[in-house]
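Pasted below: structure_12.txt, compact mmCIF, C-alpha atoms and all ligand atoms.
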# COMPACT_ATOMS: atom_id res chain seq x y z
CA MET A 11 -53.34 20.29 43.90
CA ARG A 12 -54.98 21.13 47.25
CA SER A 13 -54.30 24.87 47.10
CA MET A 14 -55.23 25.05 43.41
CA LEU A 15 -58.61 23.52 44.21
CA LEU A 16 -59.14 25.84 47.20
CA THR A 17 -58.45 28.95 45.14
CA TRP A 18 -60.06 28.09 41.84
CA GLY A 19 -63.02 26.38 43.48
CA ASP A 20 -63.79 29.38 45.66
CA GLU A 21 -63.27 33.05 44.72
CA SER A 22 -62.90 32.20 41.02
CA TYR A 23 -66.42 30.76 41.07
CA TRP A 24 -67.90 33.85 42.70
CA ALA A 25 -66.26 35.98 40.06
CA HIS A 26 -67.76 33.92 37.25
CA GLU A 27 -71.20 34.21 38.83
CA ASN A 28 -71.08 37.95 38.11
CA LEU A 29 -69.47 37.80 34.70
CA ALA A 30 -72.63 38.66 32.74
CA ASP A 31 -73.41 41.69 34.98
CA SER A 32 -69.84 42.92 34.68
CA LEU A 33 -70.20 43.17 30.90
CA GLN A 34 -72.37 46.31 31.32
CA LEU A 35 -70.53 49.38 30.15
CA GLY A 36 -68.62 51.01 33.02
CA SER A 37 -68.88 48.00 35.36
CA PRO A 38 -65.85 46.98 37.45
CA PRO A 39 -64.49 43.44 36.95
CA ALA A 40 -66.86 40.63 38.01
CA PHE A 41 -64.85 39.79 41.14
CA GLN A 42 -65.33 43.32 42.47
CA LEU A 43 -69.12 43.05 42.19
CA GLN A 44 -68.82 40.47 44.96
CA SER A 45 -65.99 41.97 47.02
CA GLY A 46 -67.59 45.39 47.55
CA GLY A 47 -65.40 47.01 44.91
CA VAL A 48 -62.06 45.78 46.29
CA PRO A 49 -59.63 44.64 43.55
CA TYR A 50 -58.48 41.01 43.86
CA PHE A 51 -54.86 41.54 44.95
CA ASP A 52 -55.92 44.19 47.51
CA TRP A 53 -58.63 41.86 48.79
CA LEU A 54 -56.09 39.07 49.28
CA GLN A 55 -54.20 41.41 51.64
CA GLN A 56 -57.20 42.34 53.78
CA PRO A 57 -57.26 41.13 57.41
CA GLY A 58 -59.24 37.89 57.58
CA ASN A 59 -58.09 36.74 54.13
CA GLU A 60 -54.69 35.42 55.19
CA GLY A 61 -55.74 31.81 54.51
CA ARG A 62 -57.00 32.70 51.02
CA SER A 63 -53.84 34.62 50.24
CA GLN A 64 -51.74 31.67 51.35
CA ALA A 65 -53.85 29.29 49.24
CA PHE A 66 -53.53 31.56 46.18
CA HIS A 67 -49.74 31.86 46.38
CA ARG A 68 -49.31 28.17 47.11
CA ALA A 69 -51.61 27.36 44.18
CA MET A 70 -49.44 29.46 41.84
CA ALA A 71 -46.32 27.70 43.14
CA GLU A 72 -47.93 24.26 42.75
CA ALA A 73 -49.06 25.03 39.20
CA ALA A 74 -45.60 26.34 38.36
CA ARG A 75 -43.86 23.23 39.68
CA ALA A 76 -46.29 20.83 38.03
CA LEU A 77 -46.83 22.54 34.67
CA MET A 78 -44.27 25.17 33.80
CA ASN A 79 -40.96 25.43 35.63
CA ALA A 80 -39.14 22.62 33.84
CA ALA A 81 -40.09 23.85 30.37
CA SER A 82 -39.20 27.46 31.06
CA LEU A 83 -35.80 26.38 32.37
CA GLU A 84 -35.00 23.84 29.64
CA ASP A 85 -36.36 25.64 26.59
CA TYR A 86 -34.62 29.01 26.98
CA PRO A 87 -30.80 29.49 27.01
CA TRP A 88 -30.45 30.81 30.59
CA HIS A 89 -26.77 29.82 30.64
CA MET A 90 -26.09 32.78 28.33
CA HIS A 91 -27.04 35.14 31.21
CA ALA A 92 -25.20 33.02 33.78
CA ALA A 93 -21.95 33.47 31.84
CA ALA A 94 -22.01 37.17 32.78
CA THR A 95 -23.33 36.63 36.33
CA HIS A 96 -26.47 38.52 35.59
CA THR A 97 -29.21 39.34 38.06
CA VAL A 98 -32.67 38.15 37.15
CA ALA A 99 -35.56 40.06 38.76
CA ASP A 100 -38.72 37.95 39.03
CA VAL A 101 -41.34 40.72 39.15
CA GLY A 102 -44.57 39.57 40.83
CA GLY A 103 -42.72 36.35 41.61
CA GLY A 104 -45.01 35.28 44.47
CA LEU A 105 -43.32 32.75 46.76
CA GLY A 106 -40.40 32.46 44.34
CA SER A 107 -40.98 28.91 43.16
CA TRP A 108 -39.72 29.72 39.66
CA LEU A 109 -36.82 31.91 40.81
CA ALA A 110 -35.62 29.17 43.15
CA ALA A 111 -35.78 26.60 40.34
CA LEU A 112 -33.81 28.98 38.08
CA LEU A 113 -31.10 29.59 40.69
CA GLU A 114 -30.76 25.83 41.30
CA HIS A 115 -30.52 25.28 37.53
CA GLU A 116 -28.01 28.11 36.91
CA PRO A 117 -25.53 28.48 39.80
CA GLY A 118 -23.94 31.48 38.02
CA LEU A 119 -27.04 33.67 38.30
CA ARG A 120 -28.25 35.99 41.03
CA GLY A 121 -31.93 36.65 41.72
CA ALA A 122 -34.21 39.40 43.01
CA LEU A 123 -37.69 38.35 44.11
CA VAL A 124 -40.07 41.32 43.76
CA ASP A 125 -43.68 41.28 44.97
CA LEU A 126 -45.95 43.11 47.39
CA PRO A 127 -44.23 43.52 50.80
CA SER A 128 -46.42 41.02 52.67
CA VAL A 129 -45.95 38.39 49.94
CA VAL A 130 -42.18 38.87 49.87
CA ALA A 131 -42.01 38.65 53.68
CA GLY A 132 -43.77 35.26 53.51
CA ALA A 133 -41.47 34.14 50.70
CA GLU A 134 -38.32 35.09 52.60
CA GLU A 135 -39.48 33.17 55.64
CA LEU A 136 -40.19 30.14 53.46
CA TRP A 137 -36.78 30.34 51.77
CA ARG A 138 -35.02 30.62 55.17
CA ARG A 139 -36.64 27.32 56.15
CA GLU A 140 -36.51 25.44 52.85
CA ARG A 141 -33.78 26.99 50.66
CA PRO A 142 -31.13 28.54 52.93
CA GLN A 143 -28.46 27.62 50.36
CA LEU A 144 -29.93 30.16 47.89
CA LEU A 145 -30.20 33.14 50.25
CA GLY A 146 -26.69 34.39 49.45
CA ARG A 147 -27.61 34.86 45.79
CA THR A 148 -31.07 36.35 46.31
CA SER A 149 -32.48 39.68 47.36
CA PHE A 150 -36.08 40.05 48.52
CA VAL A 151 -37.69 43.28 47.40
CA GLY A 152 -41.12 44.31 48.71
CA ALA A 153 -42.50 46.75 46.13
CA ASP A 154 -45.76 47.75 44.49
CA PHE A 155 -45.15 47.79 40.75
CA PHE A 156 -47.68 50.61 40.30
CA SER A 157 -46.01 53.03 42.67
CA ASP A 158 -42.51 51.91 43.69
CA LEU A 159 -39.16 51.91 41.93
CA LEU A 160 -38.15 48.41 40.79
CA PRO A 161 -34.60 47.19 41.51
CA PRO A 162 -31.83 47.24 38.89
CA ALA A 163 -31.40 43.93 37.03
CA ASP A 164 -30.07 42.52 33.77
CA VAL A 165 -33.10 40.36 33.08
CA TYR A 166 -36.66 41.19 34.10
CA PHE A 167 -38.96 38.17 34.17
CA LEU A 168 -42.75 38.53 34.49
CA ARG A 169 -44.82 35.38 34.46
CA PHE A 170 -48.62 35.54 34.49
CA ILE A 171 -48.54 39.17 35.60
CA LEU A 172 -49.64 41.16 32.57
CA HIS A 173 -52.60 38.94 31.69
CA ASP A 174 -54.10 39.78 35.11
CA TRP A 175 -54.62 43.41 34.02
CA PRO A 176 -56.36 45.52 31.37
CA ASP A 177 -54.12 47.36 28.88
CA ALA A 178 -53.76 50.60 30.90
CA GLU A 179 -52.49 48.83 34.04
CA ALA A 180 -50.38 46.32 32.06
CA THR A 181 -48.71 49.26 30.29
CA ALA A 182 -48.07 50.97 33.64
CA ILE A 183 -46.33 47.81 34.95
CA LEU A 184 -44.16 47.59 31.83
CA ARG A 185 -43.29 51.28 32.11
CA ALA A 186 -42.14 50.68 35.70
CA VAL A 187 -39.81 47.97 34.37
CA ARG A 188 -38.62 50.29 31.57
CA ARG A 189 -37.82 53.03 34.13
CA ALA A 190 -35.75 50.57 36.15
CA VAL A 191 -33.57 49.67 33.15
CA ARG A 192 -30.26 51.54 33.42
CA PRO A 193 -29.65 53.85 30.44
CA GLY A 194 -27.44 52.17 27.86
CA SER A 195 -27.70 48.72 29.50
CA SER A 196 -28.55 45.66 27.44
CA ALA A 197 -31.28 44.52 29.82
CA VAL A 198 -33.69 41.91 28.55
CA LEU A 199 -37.39 41.66 29.36
CA LEU A 200 -38.86 38.16 29.39
CA VAL A 201 -42.63 37.87 29.66
CA GLN A 202 -43.99 34.37 30.16
CA ASP A 203 -47.64 34.44 29.22
CA ILE A 204 -50.13 32.95 26.78
CA VAL A 205 -49.86 34.06 23.15
CA MET A 206 -53.45 33.72 22.03
CA PRO A 207 -53.98 32.46 18.46
CA ALA A 208 -55.69 35.24 16.49
CA LEU A 209 -58.15 32.76 14.95
CA GLN A 210 -60.00 29.96 16.74
CA PRO A 211 -58.09 30.05 20.03
CA GLY A 212 -59.85 26.93 21.37
CA VAL A 213 -61.57 26.16 24.66
CA LEU A 214 -58.56 26.22 26.99
CA PHE A 215 -57.24 29.65 25.97
CA THR A 216 -60.78 31.07 25.87
CA THR A 217 -61.46 29.77 29.39
CA LEU A 218 -58.27 31.37 30.68
CA ASP A 219 -59.18 34.60 28.89
CA LEU A 220 -62.59 34.65 30.63
CA GLN A 221 -60.97 33.81 33.97
CA MET A 222 -58.68 36.86 33.66
CA LEU A 223 -61.62 39.04 32.66
CA ALA A 224 -63.68 37.88 35.65
CA ILE A 225 -60.97 38.32 38.27
CA GLY A 226 -59.43 41.64 37.31
CA GLY A 227 -60.58 42.80 33.88
CA GLY A 228 -57.45 41.22 32.37
CA LYS A 229 -57.09 39.17 29.21
CA GLU A 230 -54.96 36.84 27.12
CA ARG A 231 -53.30 38.61 24.18
CA THR A 232 -52.41 37.79 20.59
CA ARG A 233 -48.90 38.37 19.28
CA GLN A 234 -50.03 41.61 17.69
CA GLU A 235 -51.57 42.79 20.97
CA TRP A 236 -48.34 41.92 22.80
CA GLU A 237 -46.31 43.89 20.29
CA ALA A 238 -48.53 46.95 20.73
CA LEU A 239 -48.52 46.68 24.55
CA LEU A 240 -44.72 46.37 24.70
CA ALA A 241 -44.26 49.24 22.25
CA ALA A 242 -46.51 51.51 24.35
CA ALA A 243 -44.08 51.02 27.25
CA GLY A 244 -40.87 51.48 25.26
CA PHE A 245 -39.98 47.86 24.45
CA ARG A 246 -39.51 46.09 21.12
CA LEU A 247 -40.63 42.45 20.83
CA ALA A 248 -37.58 40.54 19.55
CA ARG A 249 -38.74 36.93 19.63
CA VAL A 250 -41.39 34.56 20.89
CA HIS A 251 -39.88 31.38 22.34
CA ARG A 252 -42.46 28.60 22.15
CA LEU A 253 -42.05 26.34 25.17
CA ARG A 254 -43.23 22.85 25.99
CA ALA A 255 -45.49 24.55 28.56
CA LEU A 256 -48.71 26.41 27.76
CA PRO A 257 -47.36 29.95 28.12
CA SER A 258 -44.67 31.17 25.70
CA LEU A 259 -41.67 33.33 26.56
CA LEU A 260 -41.72 36.73 24.87
CA GLU A 261 -38.29 38.31 24.65
CA ALA A 262 -38.20 42.09 24.37
CA HIS A 263 -35.52 44.82 24.46
CA PRO A 264 -35.66 48.54 25.25
CA ALA A 265 -36.69 50.27 22.02
C1 LIG A 301 -50.90 35.48 38.97
S1 LIG A 301 -49.68 35.74 40.20
C2 LIG A 301 -48.19 35.21 39.37
C3 LIG A 301 -47.13 34.70 40.33
C4 LIG A 301 -45.86 34.17 39.67
N1 LIG A 301 -45.26 35.11 38.75
C5 LIG A 301 -46.09 32.83 38.99
O1 LIG A 301 -46.01 32.76 37.76
O2 LIG A 301 -46.38 31.86 39.70
C6 LIG A 301 -49.55 37.50 40.22
C7 LIG A 301 -48.53 38.04 41.21
O3 LIG A 301 -48.52 39.49 41.12
C8 LIG A 301 -48.37 40.01 42.42
N2 LIG A 301 -48.89 41.39 42.46
C9 LIG A 301 -50.18 41.80 42.33
N3 LIG A 301 -50.25 43.13 42.43
C10 LIG A 301 -48.99 43.59 42.64
C11 LIG A 301 -48.42 44.89 42.81
N4 LIG A 301 -49.19 45.99 42.79
N5 LIG A 301 -47.08 45.00 42.97
C12 LIG A 301 -46.28 43.88 42.99
N6 LIG A 301 -46.76 42.61 42.82
C13 LIG A 301 -48.10 42.47 42.66
C14 LIG A 301 -49.21 39.07 43.28
O4 LIG A 301 -48.91 39.17 44.65
C15 LIG A 301 -48.86 37.72 42.65
O5 LIG A 301 -47.75 37.12 43.27
As structure tokens, what does this structure read like?
Ligand SMILES: C[S@@+](CC[C@H](N)C(=O)[O-])C[C@H]1O[C@@H](n2cnc3c(N)ncnc32)[C@H](O)[C@@H]1O
Amino acid sequence: MRSMLLTWGDESYWAHENLADSLQLGSPPAFQLQSGGVPYFDWLQQPGNEGRSQAFHRAMAEAARALMNAASLEDYPWHMHAAATHTVADVGGGLGSWLAALLEHEPGLRGALVDLPSVVAGAEELWRRERPQLLGRTSFVGADFFSDLLPPADVYFLRFILHDWPDAEATAILRAVRRAVRPGSSAVLLVQDIVMPALQPGVLFTTLDLQMLAIGGGKERTRQEWEALLAAAGFRLARVHRLRALPSLLEAHPA
């Protein structure tokens, strides 16, 4: 809880302060009106913001452990990938809290933790201390999903990545995943994110939607919007797995 409070009680509040101004046509996201134009994930990497970056990534890991990991492991048939010793790439996986839980749950799987180089370096250090038993089945890949090649994998998992970004950037991330899929392979894309009800989404989903808008110009998406976004990057939505957690798991295949 501590890191969640530090992150959401601090820079998230500044961002919301500027939300109304950011609604002017052509304005950058609200957060950038406060950060001198620096996008959130670049700002987290700036010298002097190490403590904030640490709090953010710990907050994501805490939220995952408390609210999501168990449901996303129990409510999707991961064992079907383990049977073929597949590699699961957790793209934008932060400190790897979910990937570690998956590898503990499915000893037949291998993992690739992909995130910005400084985040992955911190994650690897953490795993060496706390999860040495999983290092043999994991690779740590420092990569920028806007400019670098992503590693080969059988399953690409993206949780709470695409809702951070507007459609153009979200499509670019999905295209990077599509490029990494080997031709003719039966790779699966799993996106764990909110599927916003098209009518009367309610206070919780609307609050999250505004939070994404304030921080990076992102948004929560309806099923139809997900379908369109995936199609624009060369994927076909096959199924939405409703989980016991808030976000659903969207399963897509190369079109
Ligand atoms: C909202 S967090 C989600 C973390 C994790 N997937 C989870 O569910 O807890 C977004 C993640 O995207 C990563 N990220 C942001 N920009 C990136 C980029 N250009 N390339 C790779 N990863 C990036 C951040 O470092 C962060 O770990």
Hey, which of A:Ala197, A:Ala131, A:Val101, A:Leu184 ends up closest to ligand LIG 301 (chain A)? Count all atoms listed in the file. A:Val101
At most 8 Å from ligand LIG 301 (chain A) (only C-alpha atoms and all ligand atoms): residue list as a PyMOL selection string: chain A and resi 51-52+67+70-71+73-74+100-108+124-126+129+152-157+168-171+174
If you count all atoms listed in the file, which residues fall within 7 Å of range 202-205 of chain A, apart from same-chain ones fewer than 5 positions away, as a ChimeraX atom specification? /A:168-170,230-233,256-260
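Proximity to Ile225 in chain A was assessed for A:His26, A:Arg12, A:His115, A:Arg252 counting all atoms listed in the file; the smallest distance is recorded for A:His26.
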In Å to one decimal, how far is CA of Leu43 in chain A from CA of Gly227 in chain A? 11.9 Å
Each range 188-234 of chain A residue no farther than 12 Å from range 94-97 of chain A, nearest pair in Å, all atoms listed in the file, as a Markdown table:
| residue | atom | partner | partner_atom | distance |
| --- | --- | --- | --- | --- |
| A:Ser195 | CA | A:His96 | CA | 11.9 |
| A:Ser196 | CA | A:His96 | CA | 11.0 |
| A:Ala197 | CA | A:His96 | CA | 9.6 |
| A:Val198 | CA | A:His96 | CA | 10.6 |
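Note that CA of Met90 in chain A and CA of Gly146 in chain A are 21.2 Å apart.
Distance-wise, CA of Ala111 in chain A and CA of Met78 in chain A end up 10.8 Å apart.
Nearest to Gln143 in chain A of all the residues A:Pro117, A:Pro161, A:Pro127, A:Gly194 is A:Pro117, based on only C-alpha atoms.
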Env of Asp20 in chain A: 12 Å cut, atoms = all atoms listed in the file, seq-sep filter 6 positions within chain, self excluded. Answer as a count of residues only. 9
Show me, as a ChimeraX atom specification, the residues that have an atom within 7 Å of Ala122 in chain A when counting only C-alpha atoms, minus same-chain residues fewer than 3 positions from it. /A:98-100,148-151
Could N, CA and C atoms be built for range 83-100 of chain A and written out as a compact mmCIF listing (two decimals), in the coordinates of the input?
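Heads up, here's the output in result.txt:
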# COMPACT_ATOMS: atom_id res chain seq x y z
N LEU A 83 -37.24 26.45 32.11
CA LEU A 83 -35.80 26.38 32.37
C LEU A 83 -35.06 25.70 31.22
N GLU A 84 -35.69 24.64 30.66
CA GLU A 84 -35.00 23.84 29.64
C GLU A 84 -35.05 24.49 28.26
N ASP A 85 -36.13 25.22 27.97
CA ASP A 85 -36.36 25.64 26.59
C ASP A 85 -35.89 27.07 26.30
N TYR A 86 -35.18 27.67 27.22
CA TYR A 86 -34.62 29.01 26.98
C TYR A 86 -33.15 28.97 27.43
N PRO A 87 -32.24 29.60 26.68
CA PRO A 87 -30.80 29.49 27.01
C PRO A 87 -30.37 30.37 28.19
N TRP A 88 -30.78 30.01 29.40
CA TRP A 88 -30.45 30.81 30.59
C TRP A 88 -28.95 30.91 30.83
N HIS A 89 -28.22 29.85 30.38
CA HIS A 89 -26.77 29.82 30.64
C HIS A 89 -26.08 31.04 30.03
N MET A 90 -26.70 31.62 28.98
CA MET A 90 -26.09 32.78 28.33
C MET A 90 -26.07 33.97 29.31
N HIS A 91 -27.06 34.08 30.20
CA HIS A 91 -27.04 35.14 31.21
C HIS A 91 -26.10 34.77 32.36
N ALA A 92 -26.04 33.47 32.66
CA ALA A 92 -25.20 33.02 33.78
C ALA A 92 -23.73 33.31 33.49
N ALA A 93 -23.35 33.25 32.21
CA ALA A 93 -21.95 33.47 31.84
C ALA A 93 -21.48 34.86 32.30
N ALA A 94 -22.39 35.81 32.37
CA ALA A 94 -22.01 37.17 32.78
C ALA A 94 -22.45 37.50 34.20
N THR A 95 -22.81 36.48 34.96
CA THR A 95 -23.33 36.63 36.33
C THR A 95 -24.39 37.72 36.41
N HIS A 96 -25.39 37.55 35.61
CA HIS A 96 -26.47 38.52 35.59
C HIS A 96 -27.43 38.33 36.77
N THR A 97 -28.14 39.42 37.07
CA THR A 97 -29.21 39.34 38.06
C THR A 97 -30.55 39.27 37.34
N VAL A 98 -31.35 38.30 37.74
CA VAL A 98 -32.67 38.15 37.15
C VAL A 98 -33.70 38.60 38.19
N ALA A 99 -34.49 39.62 37.85
CA ALA A 99 -35.56 40.06 38.76
C ALA A 99 -36.85 39.37 38.35
N ASP A 100 -37.44 38.62 39.29
CA ASP A 100 -38.72 37.95 39.03
C ASP A 100 -39.80 38.89 39.60
